[in-house]
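A short write-up of the structure that comes next.
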Amino acid sequence: MSETLVATDHEISTELQQFDEEARRHRADFPVLSREVHGKPLVYLDNAATSQKPQVVLDALHDYYTRYNANVHRGIHTLSEEATNAYEASRVKVAQFINVPSQSLIFVRNTTEGINLVAYAWGRKNVKAGDEIVLSVMEHHSNIVPWQILAHEVGAKLKYFDIHDDGTLKMEDIDDLITDRTRIVSIAHMSNALGTVNPIKEIVEKAHQVGALVFVDAAQSVPHMPVDVQALGCDFFTFSGHKMCGPTGIGGLYGREEILEAMDPFMGGGSMIEEVQLQYSTWAEIPEKFEAGTPNIAHAIVLGVTVDYLSSIGMGNIRAHELALARYMIDRLEEIDGLTVYGHAPERGGAVSYILNDIHPSDLSTILDREGVAIRAGHHCAQPLMRRLGTPYGATARASVYHYNTTDEVEIMINAIHKARRFFG
Ligand SMILES: *Cc1c(COP(=O)(O)O)cnc(C)c1O
């Protein structure tokens, strides 16, 4: 067997060659991408877990702490005003990025907190015994467990969309799943394990017909494709900064204005009140009502810089590049004897799950790491999906791309997989 399989063995479209050129320019903005791992150049293909950060994001963080660190919405001094202005300006930018009114955008820590906030603050008031919550089997644990906690507490029932073999939702079941007992439907916009992009608009249409709300877990879509929340028509929508070239510990939750206004707070404390008496308090307006305590000021400000960075590249470009690269990767993977790719939805993103023979994905990942290749191995916080797919070990290997990845990197991964095949014989 030949030692190397070079990229030129496989046809690379002119479109993909252009994306490669652009990617090589983008890579220069990401300091970590020039490091080595085990003496090999880092090939970072774990973007669905978290993305890398460009220099503008790192600089903005440093700039905040060196020039105007102060608490927001509190002091009347210059630094506090500067920090407050930057914090609120970032809210406006992030809201524009997903096309929602800025007062309906709450800064949260991440997608997980966004879902928990709604399951707790909205769910406990609006979901009663016998009511139904509709999810799908491809959901991330953070879009399952908060709803289970709620359902067990109030006596509600959980129902799940199943999937076809290609990883698309069984939309033919929608009339059985979403009925007048449904209170909320909560669905991933894009699957972190299969890459599937789900038909949110159709789901919203059906849910609204029966008076149910729709929550969209956008942890994978906001970083990788243009999104227009008002066009989707959903009622809640949440995402994480760290998967979109931004810092950890900051994300956004959108809620339809009248729903947020009717909702009780999630947490009590400073900043979320209008007035505090000894026996009761009244709440501040949205979004402050949902931002108790000192927020993650630095990272919220930097999230605004992050969306500027992404907009400067263009979300449409990012999407087109990732789609072309993911399709190339799937073709290359499927040429390998004994390799199975999970997820062939026509509408998809850049996360690709696979299994090689009976090799445990963790062992495969360890071998790839020695070649400098970072992929994910495991259940991807989607154990029900792994069970549904019937994957050996309840796990897959997953490679997931961003706009800074190239076909060369895919080839390095392919070579490393061949090495693993020879190693495990
Ligand atoms: C990553 C991810 C989450 C959880 O995001 P956190 O940032 O860990 O809160 C939820 N849903 C999907 C689809 C994800 O990919």
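To be explicit about the labels: the chains of the structure tokens are called A, B, and onward in the order shown, and within each one the residues are counted from 1, while ligands get numbers from 1 in the order they are shown.
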
Handout entry: All helix (DSSP H, G or I) positions in region 40-78 of chain A, as an MDAnalysis selection string
Key = chainID A and resid 55:67 78

I'd like a table as a tab-separated table: residues in region 245-364 of chain A with an atom no more than 6 Å from region 121-142 of chain A, each row giving the shortest atom pair and its distance in Å to one decimal, only C-alpha atoms counted, sorted by chain and rising residue number.
residue	atom	partner	partner_atom	distance
A:Met263	CA	A:Trp122	CA	5.9
A:Asp264	CA	A:Ala121	CA	5.8
A:Phe266	CA	A:Ala121	CA	5.2

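Reported to one decimal place, the separation of CA of His418 (chain A) from CA of Val401 (chain A) is 20.1 Å.
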
Exercise for the section: Please provide as an MDAnalysis selection string all residues within 12 Å of Ile184 (chain A), with the sequence filter that same-chain residues fewer than 4 positions apart are discarded (counting only C-alpha atoms). Expected result: chainID A and resid 118:119 122:123 126:128 131:135 147 150:151 156:159 177:180 203:204 206:208 210:216 234:236

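Neighbours of ligand 1 at a cut-off of 7 Å, computed so that only C-alpha atoms and all ligand atoms are counted, are the residues Ala48, Ala49, Asn110, Thr111, Thr112, Glu113, Glu139, His140, Ser142, Asn143, Ala188, Met190, Ser191, Asn192, Asp217, Ala218, Ala219, Gln220, Ser240 and His242 of chain A.
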
So that I have them on file, write out the residues from the current selection with N, CA, C and O atoms, as a CSV table (one decimal), in the first residue's frame.
chain,number,residue,atom,x,y,z
A,48,ALA,N,-16.9,22.1,16.0
A,48,ALA,CA,-18.2,21.9,16.6
A,48,ALA,C,-18.2,21.9,18.1
A,48,ALA,O,-19.2,22.2,18.7
A,49,ALA,N,-17.0,21.6,18.7
A,49,ALA,CA,-16.9,21.6,20.1
A,49,ALA,C,-16.6,23.1,20.6
A,49,ALA,O,-17.2,23.6,21.5
A,110,ASN,N,-24.0,30.8,27.8
A,110,ASN,CA,-23.9,29.9,26.6
A,110,ASN,C,-25.3,29.3,26.3
A,110,ASN,O,-26.3,29.7,26.9
A,111,THR,N,-25.4,28.5,25.3
A,111,THR,CA,-26.6,27.8,24.8
A,111,THR,C,-27.3,27.1,26.0
A,111,THR,O,-28.5,27.2,26.2
A,112,THR,N,-26.5,26.4,26.8
A,112,THR,CA,-27.0,25.6,27.9
A,112,THR,C,-27.8,26.5,28.8
A,112,THR,O,-28.9,26.2,29.3
A,113,GLU,N,-27.2,27.7,29.2
A,113,GLU,CA,-27.9,28.6,30.1
A,113,GLU,C,-29.2,29.2,29.4
A,113,GLU,O,-30.2,29.4,30.1
A,139,GLU,N,-31.1,15.8,19.4
A,139,GLU,CA,-30.7,16.9,20.3
A,139,GLU,C,-29.5,16.7,21.1
A,139,GLU,O,-29.2,15.6,21.5
A,140,HIS,N,-28.8,17.8,21.3
A,140,HIS,CA,-27.7,17.8,22.3
A,140,HIS,C,-28.3,17.7,23.7
A,140,HIS,O,-29.4,18.1,24.0
A,142,SER,N,-28.0,19.3,26.2
A,142,SER,CA,-28.4,20.6,26.8
A,142,SER,C,-29.8,21.0,26.3
A,142,SER,O,-30.4,21.9,26.8
A,143,ASN,N,-30.2,20.4,25.2
A,143,ASN,CA,-31.6,20.6,24.8
A,143,ASN,C,-32.5,19.4,25.1
A,143,ASN,O,-33.6,19.2,24.5
A,188,ALA,N,-32.9,21.6,17.5
A,188,ALA,CA,-31.6,22.2,17.0
A,188,ALA,C,-31.8,22.7,15.6
A,188,ALA,O,-32.4,22.1,14.7
A,190,MET,N,-29.1,23.2,13.6
A,190,MET,CA,-28.1,22.4,12.9
A,190,MET,C,-27.6,21.4,14.0
A,190,MET,O,-27.2,21.7,15.0
A,191,SER,N,-27.6,20.1,13.6
A,191,SER,CA,-27.1,19.0,14.5
A,191,SER,C,-25.6,19.1,14.6
A,191,SER,O,-24.9,19.2,13.6
A,192,ASN,N,-25.1,19.0,15.9
A,192,ASN,CA,-23.7,19.0,16.1
A,192,ASN,C,-23.0,17.7,15.8
A,192,ASN,O,-21.8,17.6,15.6
A,217,ASP,N,-32.4,25.8,19.2
A,217,ASP,CA,-31.0,25.7,19.7
A,217,ASP,C,-30.1,25.9,18.5
A,217,ASP,O,-29.9,25.1,17.6
A,218,ALA,N,-29.5,27.2,18.5
A,218,ALA,CA,-28.8,27.6,17.3
A,218,ALA,C,-27.3,27.6,17.6
A,218,ALA,O,-26.5,28.3,16.9
A,219,ALA,N,-26.8,26.7,18.5
A,219,ALA,CA,-25.4,26.6,18.8
A,219,ALA,C,-24.5,26.3,17.6
A,219,ALA,O,-23.4,26.8,17.5
A,220,GLN,N,-25.1,25.6,16.7
A,220,GLN,CA,-24.3,25.2,15.5
A,220,GLN,C,-24.6,26.1,14.3
A,220,GLN,O,-23.8,26.1,13.3
A,240,SER,N,-24.0,30.2,21.5
A,240,SER,CA,-22.8,30.3,22.3
A,240,SER,C,-21.7,31.1,21.6
A,240,SER,O,-21.4,30.8,20.4
A,242,HIS,N,-18.5,31.0,22.1
A,242,HIS,CA,-17.2,30.3,21.9
A,242,HIS,C,-17.2,29.4,20.6
A,242,HIS,O,-16.1,29.0,20.2

Completion exercise
One residue among A:Leu356, A:Leu42, A:Ile367, A:Ile414 is nearest to Pro392 (chain A) when using only C-alpha atoms, and that residue is A:Leu356

Practice task
Show which residues sit within 6 Å of Ala399 (chain A), as JSON, numbers by chain. Count only C-alpha atoms, and ignore same-chain residues fewer than 3 positions away.
Solution key: {"A": [45, 46, 351, 352, 375]}

Preceding selection exported with C-alpha atoms as a PDB file, in the first residue's frame:
ATOM      1  CA  LEU A  45     -11.035  19.872  13.037  1.00  0.00           C
ATOM      2  CA  ASP A  46     -12.952  20.137  16.327  1.00  0.00           C
ATOM      3  CA  ALA A 351     -19.777  18.502  11.081  1.00  0.00           C
ATOM      4  CA  VAL A 352     -19.049  14.977   9.798  1.00  0.00           C
ATOM      5  CA  ILE A 375     -11.044  15.606  15.991  1.00  0.00           C
TER       6      ILE A 375
END

Fill in the blank from the handout: Judged by only C-alpha atoms, the minimum distance to Glu22 (chain A) among A:Gly378, A:Asp358, A:Asp363, A:Ile318 is found for A:Ile318

Handout entry: Contacts of region 268-271 of chain A at 7 Å (only C-alpha atoms; same-chain gap of 4+ positions) as a PyMOL selection string
Key = chain A and resi 288+291-293

Proximity of region 281-358 of chain A to region 74-83 of chain A: per-residue shortest pair, 9 Å limit, only C-alpha atoms, as a tab-separated table:
residue	atom	partner	partner_atom	distance
A:Ile297	CA	A:Ala83	CA	7.8
A:Ala298	CA	A:Ala83	CA	8.7
A:Ile301	CA	A:Ala83	CA	8.4

Handout entry: Residue among A:Glu153, A:Glu274, A:Glu15, A:Glu371 lying closest to Val37 (chain A), counting only C-alpha atoms
Key =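 Residue with the minimum atom-to-atom distance to Val37 (chain A): A:Glu371.
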
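Our summary of the geometry notes that CA of Ile412 (chain A) is positioned 11.3 Å from CA of Asp369 (chain A).
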
Handout entry: Filtered DSSP result for region 158-350 of chain A, state strand (DSSP E or B), as a PyMOL selection string
Key = chain A and resi 158-161+163+169+182-188+190+196-197+213-217+236-240+251-255+273-276+281-283+339-342+348
